$ cat data.cif   # mmCIF, C-alpha atoms
data_run
loop_
_atom_site.group_PDB
_atom_site.id
_atom_site.type_symbol
_atom_site.label_atom_id
_atom_site.label_comp_id
_atom_site.auth_asym_id
_atom_site.auth_seq_id
_atom_site.Cartn_x
_atom_site.Cartn_y
_atom_site.Cartn_z
ATOM 1 C CA MET A 240 9.475 -11.114 53.368
ATOM 2 C CA ILE A 241 12.221 -8.811 52.073
ATOM 3 C CA GLU A 242 13.114 -11.400 49.419
ATOM 4 C CA TYR A 243 9.591 -11.263 47.976
ATOM 5 C CA VAL A 244 9.666 -7.473 47.790
ATOM 6 C CA PHE A 245 13.035 -7.619 46.017
ATOM 7 C CA ILE A 246 11.805 -10.253 43.522
ATOM 8 C CA ALA A 247 8.623 -8.274 42.825
ATOM 9 C CA GLY A 248 10.654 -5.089 42.274
ATOM 10 C CA ALA A 249 13.062 -6.864 39.938
ATOM 11 C CA ALA A 250 10.157 -8.351 37.949
ATOM 12 C CA ALA A 251 8.470 -4.946 37.661
ATOM 13 C CA GLY A 252 11.730 -3.327 36.533
ATOM 14 C CA THR A 253 12.366 -6.031 33.960
ATOM 15 C CA GLY A 254 8.828 -5.700 32.605
ATOM 16 C CA TRP A 255 9.200 -1.932 32.332
ATOM 17 C CA LEU A 256 12.493 -2.276 30.407
ATOM 18 C CA MET A 257 11.030 -4.850 28.029
ATOM 19 C CA ARG A 258 7.926 -2.731 27.331
ATOM 20 C CA ARG A 259 10.115 0.324 26.696
ATOM 21 C CA LYS A 260 12.279 -1.604 24.206
ATOM 22 C CA HIS A 261 9.159 -2.973 22.460
ATOM 23 C CA ARG A 262 7.682 0.538 22.117
ATOM 24 C CA ARG A 263 10.924 1.779 20.537
ATOM 25 C CA ARG A 264 10.903 -1.053 17.986
ATOM 26 C CA VAL A 265 7.267 -0.392 17.075
ATOM 27 C CA ALA A 266 7.933 3.342 16.709
ATOM 28 C CA ALA A 267 10.917 2.657 14.424
ATOM 29 C CA GLY A 268 8.723 0.742 11.961
ATOM 30 C CA PRO A 269 9.431 -2.515 10.158
ATOM 31 C CA ALA A 270 12.992 -3.351 9.153
ATOM 32 C CA VAL A 271 13.859 -2.967 5.493
ATOM 33 C CA GLY A 272 14.910 -6.046 3.530
ATOM 34 C CA ILE A 273 14.159 -9.748 3.792
ATOM 35 C CA PRO A 274 15.842 -11.537 6.712
ATOM 36 C CA CYS A 275 17.552 -14.710 5.513
ATOM 37 C CA MET A 276 20.441 -17.134 5.795
ATOM 38 C CA ALA A 277 22.625 -17.720 2.742
ATOM 39 C CA ARG A 278 25.566 -19.809 1.660
ATOM 40 C CA ARG A 279 27.738 -19.764 -1.389
ATOM 41 C CA PRO A 280 28.595 -21.625 -3.422
ATOM 42 C CA ALA A 281 25.325 -23.536 -3.300
ATOM 43 C CA GLY A 282 25.556 -26.871 -1.516
ATOM 44 C CA SER A 283 28.712 -26.092 0.450
ATOM 45 C CA GLY A 284 30.012 -23.523 2.883
ATOM 46 C CA ARG A 285 28.497 -22.091 6.039
ATOM 47 C CA TRP A 286 25.071 -20.579 6.420
ATOM 48 C CA ARG A 287 25.491 -16.867 7.173
ATOM 49 C CA SER A 288 22.756 -14.533 8.343
ATOM 50 C CA GLY A 289 21.935 -11.368 6.466
ATOM 51 C CA ARG A 290 19.250 -9.568 4.494
ATOM 52 C CA VAL A 291 18.227 -9.454 0.842
ATOM 53 C CA TYR A 292 17.375 -6.007 -0.479
ATOM 54 C CA ALA A 293 15.276 -5.633 -3.633
ATOM 55 C CA ASP A 294 17.005 -2.679 -5.283
ATOM 56 C CA PRO A 295 15.967 -1.452 -8.721
ATOM 57 C CA GLY A 296 18.028 -3.300 -11.309
ATOM 58 C CA ALA A 297 19.499 -6.060 -9.128
ATOM 59 C CA ALA A 298 18.846 -7.526 -5.717
ATOM 60 C CA ARG A 299 21.687 -7.696 -3.212
ATOM 61 C CA TRP A 300 22.472 -9.834 -0.182
ATOM 62 C CA VAL A 301 24.069 -8.021 2.739
ATOM 63 C CA PRO A 302 25.557 -10.392 5.335
ATOM 64 C CA GLY A 303 25.834 -9.481 8.993
ATOM 65 C CA ARG A 304 29.608 -9.392 8.485
ATOM 66 C CA GLY A 305 31.479 -9.304 5.218
ATOM 67 C CA GLU A 306 31.049 -7.974 1.729
ATOM 68 C CA THR A 307 27.771 -7.317 -0.024
ATOM 69 C CA VAL A 308 26.909 -9.733 -2.848
ATOM 70 C CA VAL A 309 25.084 -8.103 -5.764
ATOM 71 C CA LEU A 310 22.832 -10.644 -7.477
ATOM 72 C CA THR A 311 23.243 -9.160 -10.970
ATOM 73 C CA GLY A 312 21.232 -11.210 -13.453
ATOM 74 C CA GLY A 313 20.051 -13.379 -10.565
ATOM 75 C CA ARG A 314 17.448 -16.059 -11.231
ATOM 76 C CA ALA A 315 15.838 -18.466 -8.784
ATOM 77 C CA THR A 316 16.451 -21.938 -10.189
ATOM 78 C CA GLY A 317 14.722 -23.981 -7.478
ATOM 79 C CA VAL A 318 12.824 -23.937 -4.185
ATOM 80 C CA ARG A 319 12.993 -26.749 -1.636
ATOM 81 C CA ALA A 320 12.616 -27.559 2.035
ATOM 82 C CA PRO A 321 15.811 -28.002 4.092
ATOM 83 C CA SER A 322 17.215 -31.467 4.725
ATOM 84 C CA VAL A 323 17.490 -32.811 8.269
ATOM 85 C CA LYS A 324 21.180 -31.871 8.368
ATOM 86 C CA GLU A 325 20.453 -28.344 7.112
ATOM 87 C CA GLY A 326 17.572 -28.032 9.577
ATOM 88 C CA ILE A 327 20.107 -28.099 12.412
ATOM 89 C CA SER A 328 21.876 -24.988 11.079
ATOM 90 C CA ILE A 329 18.844 -23.073 9.840
ATOM 91 C CA ASN A 330 15.184 -23.041 10.814
ATOM 92 C CA PRO A 331 13.687 -26.359 9.637
ATOM 93 C CA GLY A 332 10.473 -24.555 8.680
ATOM 94 C CA SER A 333 12.266 -22.311 6.181
ATOM 95 C CA ARG A 334 12.446 -22.696 2.407
ATOM 96 C CA ILE A 335 15.704 -22.747 0.456
ATOM 97 C CA VAL A 336 15.863 -20.892 -2.862
ATOM 98 C CA THR A 337 18.775 -21.757 -5.145
ATOM 99 C CA CYS A 338 19.862 -18.697 -7.123
ATOM 100 C CA ALA A 339 22.171 -18.453 -10.117
ATOM 101 C CA TYR A 340 23.779 -15.080 -10.822
ATOM 102 C CA GLU A 341 26.735 -13.755 -12.803
ATOM 103 C CA GLY A 342 29.197 -14.365 -9.953
ATOM 104 C CA GLY A 343 28.194 -17.995 -9.376
ATOM 105 C CA ASP A 344 25.369 -19.574 -7.433
ATOM 106 C CA MET A 345 24.096 -19.427 -3.874
ATOM 107 C CA GLU A 346 21.326 -20.736 -1.676
ATOM 108 C CA ILE A 347 19.111 -18.367 0.300
ATOM 109 C CA ALA A 348 16.929 -19.680 3.128
ATOM 110 C CA VAL A 349 13.873 -17.615 4.086
ATOM 111 C CA MET A 350 10.750 -18.219 6.101
ATOM 112 C CA PRO A 351 7.668 -19.250 4.069
ATOM 113 C CA LEU A 352 5.967 -15.882 4.644
ATOM 114 C CA ASP A 353 8.951 -14.111 3.027
ATOM 115 C CA LEU A 354 9.260 -16.503 0.068
ATOM 116 C CA ARG A 355 6.936 -14.559 -2.248
ATOM 117 C CA GLU A 356 8.825 -11.313 -1.575
ATOM 118 C CA LEU A 357 12.187 -13.012 -2.290
ATOM 119 C CA LEU A 358 10.905 -14.523 -5.550
ATOM 120 C CA ALA A 359 9.724 -11.046 -6.591
ATOM 121 C CA ALA A 360 13.228 -9.676 -5.926
ATOM 122 C CA VAL A 361 14.998 -12.612 -7.621
ATOM 123 C CA PRO A 362 12.628 -13.839 -10.361
ATOM 124 C CA GLN A 363 12.414 -17.512 -11.252
ATOM 125 C CA ALA A 364 14.295 -18.809 -14.271
ATOM 126 C CA ALA A 365 12.129 -19.545 -17.287
ATOM 127 C CA PRO A 366 11.695 -23.268 -17.986
ATOM 128 C CA ASP A 367 13.113 -24.640 -21.219
ATOM 129 C CA ALA A 368 10.786 -24.090 -24.176
ATOM 130 C CA ALA A 369 11.392 -27.638 -25.405
ATOM 131 C CA GLY A 370 10.299 -29.131 -22.115
ATOM 132 C CA PRO A 371 11.512 -32.417 -20.732
ATOM 133 C CA PRO A 372 12.693 -34.992 -23.249
ATOM 134 C CA GLY A 373 10.091 -37.567 -24.198
ATOM 135 C CA PRO A 374 10.537 -41.261 -24.894
ATOM 136 C CA GLU A 375 12.546 -42.208 -27.944
ATOM 137 C CA GLY A 376 10.589 -42.217 -31.166
ATOM 138 C CA ALA A 377 8.059 -39.710 -29.838
ATOM 139 C CA PRO A 378 7.663 -36.520 -31.899
#
$ encode --input "data.cif" --output "structure tokens"
Amino acid sequence: MIEYVFIAGAAAGTGWLMRRKHRRRVAAGPAVGIPCMARRPAGSGRWRSGRVYADPGAARWVPGRGETVVLTGGRATGVRAPSVKEGISINPGSRIVTCAYEGGDMEIAVMPLDLRELLAAVPQAAPDAAGPPGPEGAP
């Protein structure tokens, strides 16, 4: 009988702590920035967690550890779903945006609900005016 009282008390205490932590998060408001995983250069390296901030002038990626990467002149050159191998390291439901900027290129993985916000921070590159090449002899 004592064991049941102890278990019930522990469950009530745990619930109280979790509710208190949840209330503090709600009172603090939403976190600033877009949560993401990124790797650079694109196609190699480790996926590192961080946030993309849409500052006036240029977006920046701030990793959990390490130096901030300013995406000066950044343009999104492609959007794709992760491969099976990448899905092991990052959330397989995310979308990967390949970005080219003055310092090189990088891939940023975000959840689909955050994709529109990321593309607003790092605009898409304009397609070539000439378009894709046609068959030979075509005007």
$ resolve_selection --input "data.cif" --expression "the PyMOL selection byres ((chain A and resi 303) around 9)" --output "compact mmCIF listing (two decimals) with C-alpha atoms, in the coordinates of the input"
# COMPACT_ATOMS: atom_id res chain seq x y z
CA ARG A 287 25.49 -16.87 7.17
CA SER A 288 22.76 -14.53 8.34
CA GLY A 289 21.94 -11.37 6.47
CA ARG A 290 19.25 -9.57 4.49
CA VAL A 301 24.07 -8.02 2.74
CA PRO A 302 25.56 -10.39 5.34
CA ARG A 304 29.61 -9.39 8.48
CA GLY A 305 31.48 -9.30 5.22
$ resolve_selection --input "data.cif" --expression "the PyMOL selection byres ((chain A and resi 300) around 12)" --output "ChimeraX atom specification"
/A:272-279,287-294,297-299,301-311,313,338,340,345-348,357,360-361
$ write_last_selection --input "data.cif" --atoms "C-alpha atoms" --output "short mmCIF file (atom, residue, chain, number, x, y, z; two decimals), in the frame of the given file"
data_model
loop_
_atom_site.label_atom_id
_atom_site.label_comp_id
_atom_site.auth_asym_id
_atom_site.auth_seq_id
_atom_site.Cartn_x
_atom_site.Cartn_y
_atom_site.Cartn_z
CA GLY A 272 14.91 -6.05 3.53
CA ILE A 273 14.16 -9.75 3.79
CA PRO A 274 15.84 -11.54 6.71
CA CYS A 275 17.55 -14.71 5.51
CA MET A 276 20.44 -17.13 5.80
CA ALA A 277 22.62 -17.72 2.74
CA ARG A 278 25.57 -19.81 1.66
CA ARG A 279 27.74 -19.76 -1.39
CA ARG A 287 25.49 -16.87 7.17
CA SER A 288 22.76 -14.53 8.34
CA GLY A 289 21.94 -11.37 6.47
CA ARG A 290 19.25 -9.57 4.49
CA VAL A 291 18.23 -9.45 0.84
CA TYR A 292 17.38 -6.01 -0.48
CA ALA A 293 15.28 -5.63 -3.63
CA ASP A 294 17.00 -2.68 -5.28
CA ALA A 297 19.50 -6.06 -9.13
CA ALA A 298 18.85 -7.53 -5.72
CA ARG A 299 21.69 -7.70 -3.21
CA VAL A 301 24.07 -8.02 2.74
CA PRO A 302 25.56 -10.39 5.34
CA GLY A 303 25.83 -9.48 8.99
CA ARG A 304 29.61 -9.39 8.48
CA GLY A 305 31.48 -9.30 5.22
CA GLU A 306 31.05 -7.97 1.73
CA THR A 307 27.77 -7.32 -0.02
CA VAL A 308 26.91 -9.73 -2.85
CA VAL A 309 25.08 -8.10 -5.76
CA LEU A 310 22.83 -10.64 -7.48
CA THR A 311 23.24 -9.16 -10.97
CA GLY A 313 20.05 -13.38 -10.56
CA CYS A 338 19.86 -18.70 -7.12
CA TYR A 340 23.78 -15.08 -10.82
CA MET A 345 24.10 -19.43 -3.87
CA GLU A 346 21.33 -20.74 -1.68
CA ILE A 347 19.11 -18.37 0.30
CA ALA A 348 16.93 -19.68 3.13
CA LEU A 357 12.19 -13.01 -2.29
CA ALA A 360 13.23 -9.68 -5.93
CA VAL A 361 15.00 -12.61 -7.62
#
$ closest_residue --input "data.cif" --among "A:Val271, A:Trp286, A:Glu242, A:Arg262" --to "Ile327 in chain A" --atoms "only C-alpha atoms"
A:Trp286
$ closest_residue --input "data.cif" --among "A:Arg264, A:Gly312, A:Ile246, A:Ala251" --to "Gly342 in chain A" --atoms "only C-alpha atoms"
A:Gly312
$ closest_residue --input "data.cif" --among "A:Val265, A:Ala270, A:Ala365, A:Ile329" --to "Ala315 in chain A" --atoms "all atoms listed in the file"
A:Ala365
$ atom_distance --input "data.cif" --atom1 "CA of Arg319 in chain A" --atom2 "CA of Arg285 in chain A"
17.9 Å
$ atom_distance --input "data.cif" --atom1 "CA of Arg258 in chain A" --atom2 "CA of Tyr243 in chain A"
22.4 Å
$ atom_distance --input "data.cif" --atom1 "CA of Pro351 in chain A" --atom2 "CA of Val336 in chain A"
10.9 Å
$ residues_near_point --input "data.cif" --point "(13.9, -20.8, -2.7)" --cutoff "6 Å" --atoms "all atoms listed in the file" --output "list in words"
Gly317, Val318, Arg334, Ile335, Val336 and Thr337 of chain A
$ closest_residue --input "data.cif" --among "A:Ala267, A:Gln363, A:Ser328, A:Ile241" --to "Arg314 in chain A" --atoms "all atoms listed in the file"
A:Gln363
$ resolve_selection --input "data.cif" --expression "the PyMOL selection byres ((chain A and resi 321) around 8)" --output "list in words"
Arg319, Ala320, Ser322, Val323, Lys324, Glu325, Gly326, Pro331, Gly332, Ser333, Arg334 and Ile335 of chain A
$ closest_residue --input "data.cif" --among "A:Gly343, A:Thr253, A:Asn330, A:Thr316" --to "Leu358 in chain A" --atoms "all atoms listed in the file"
A:Thr316
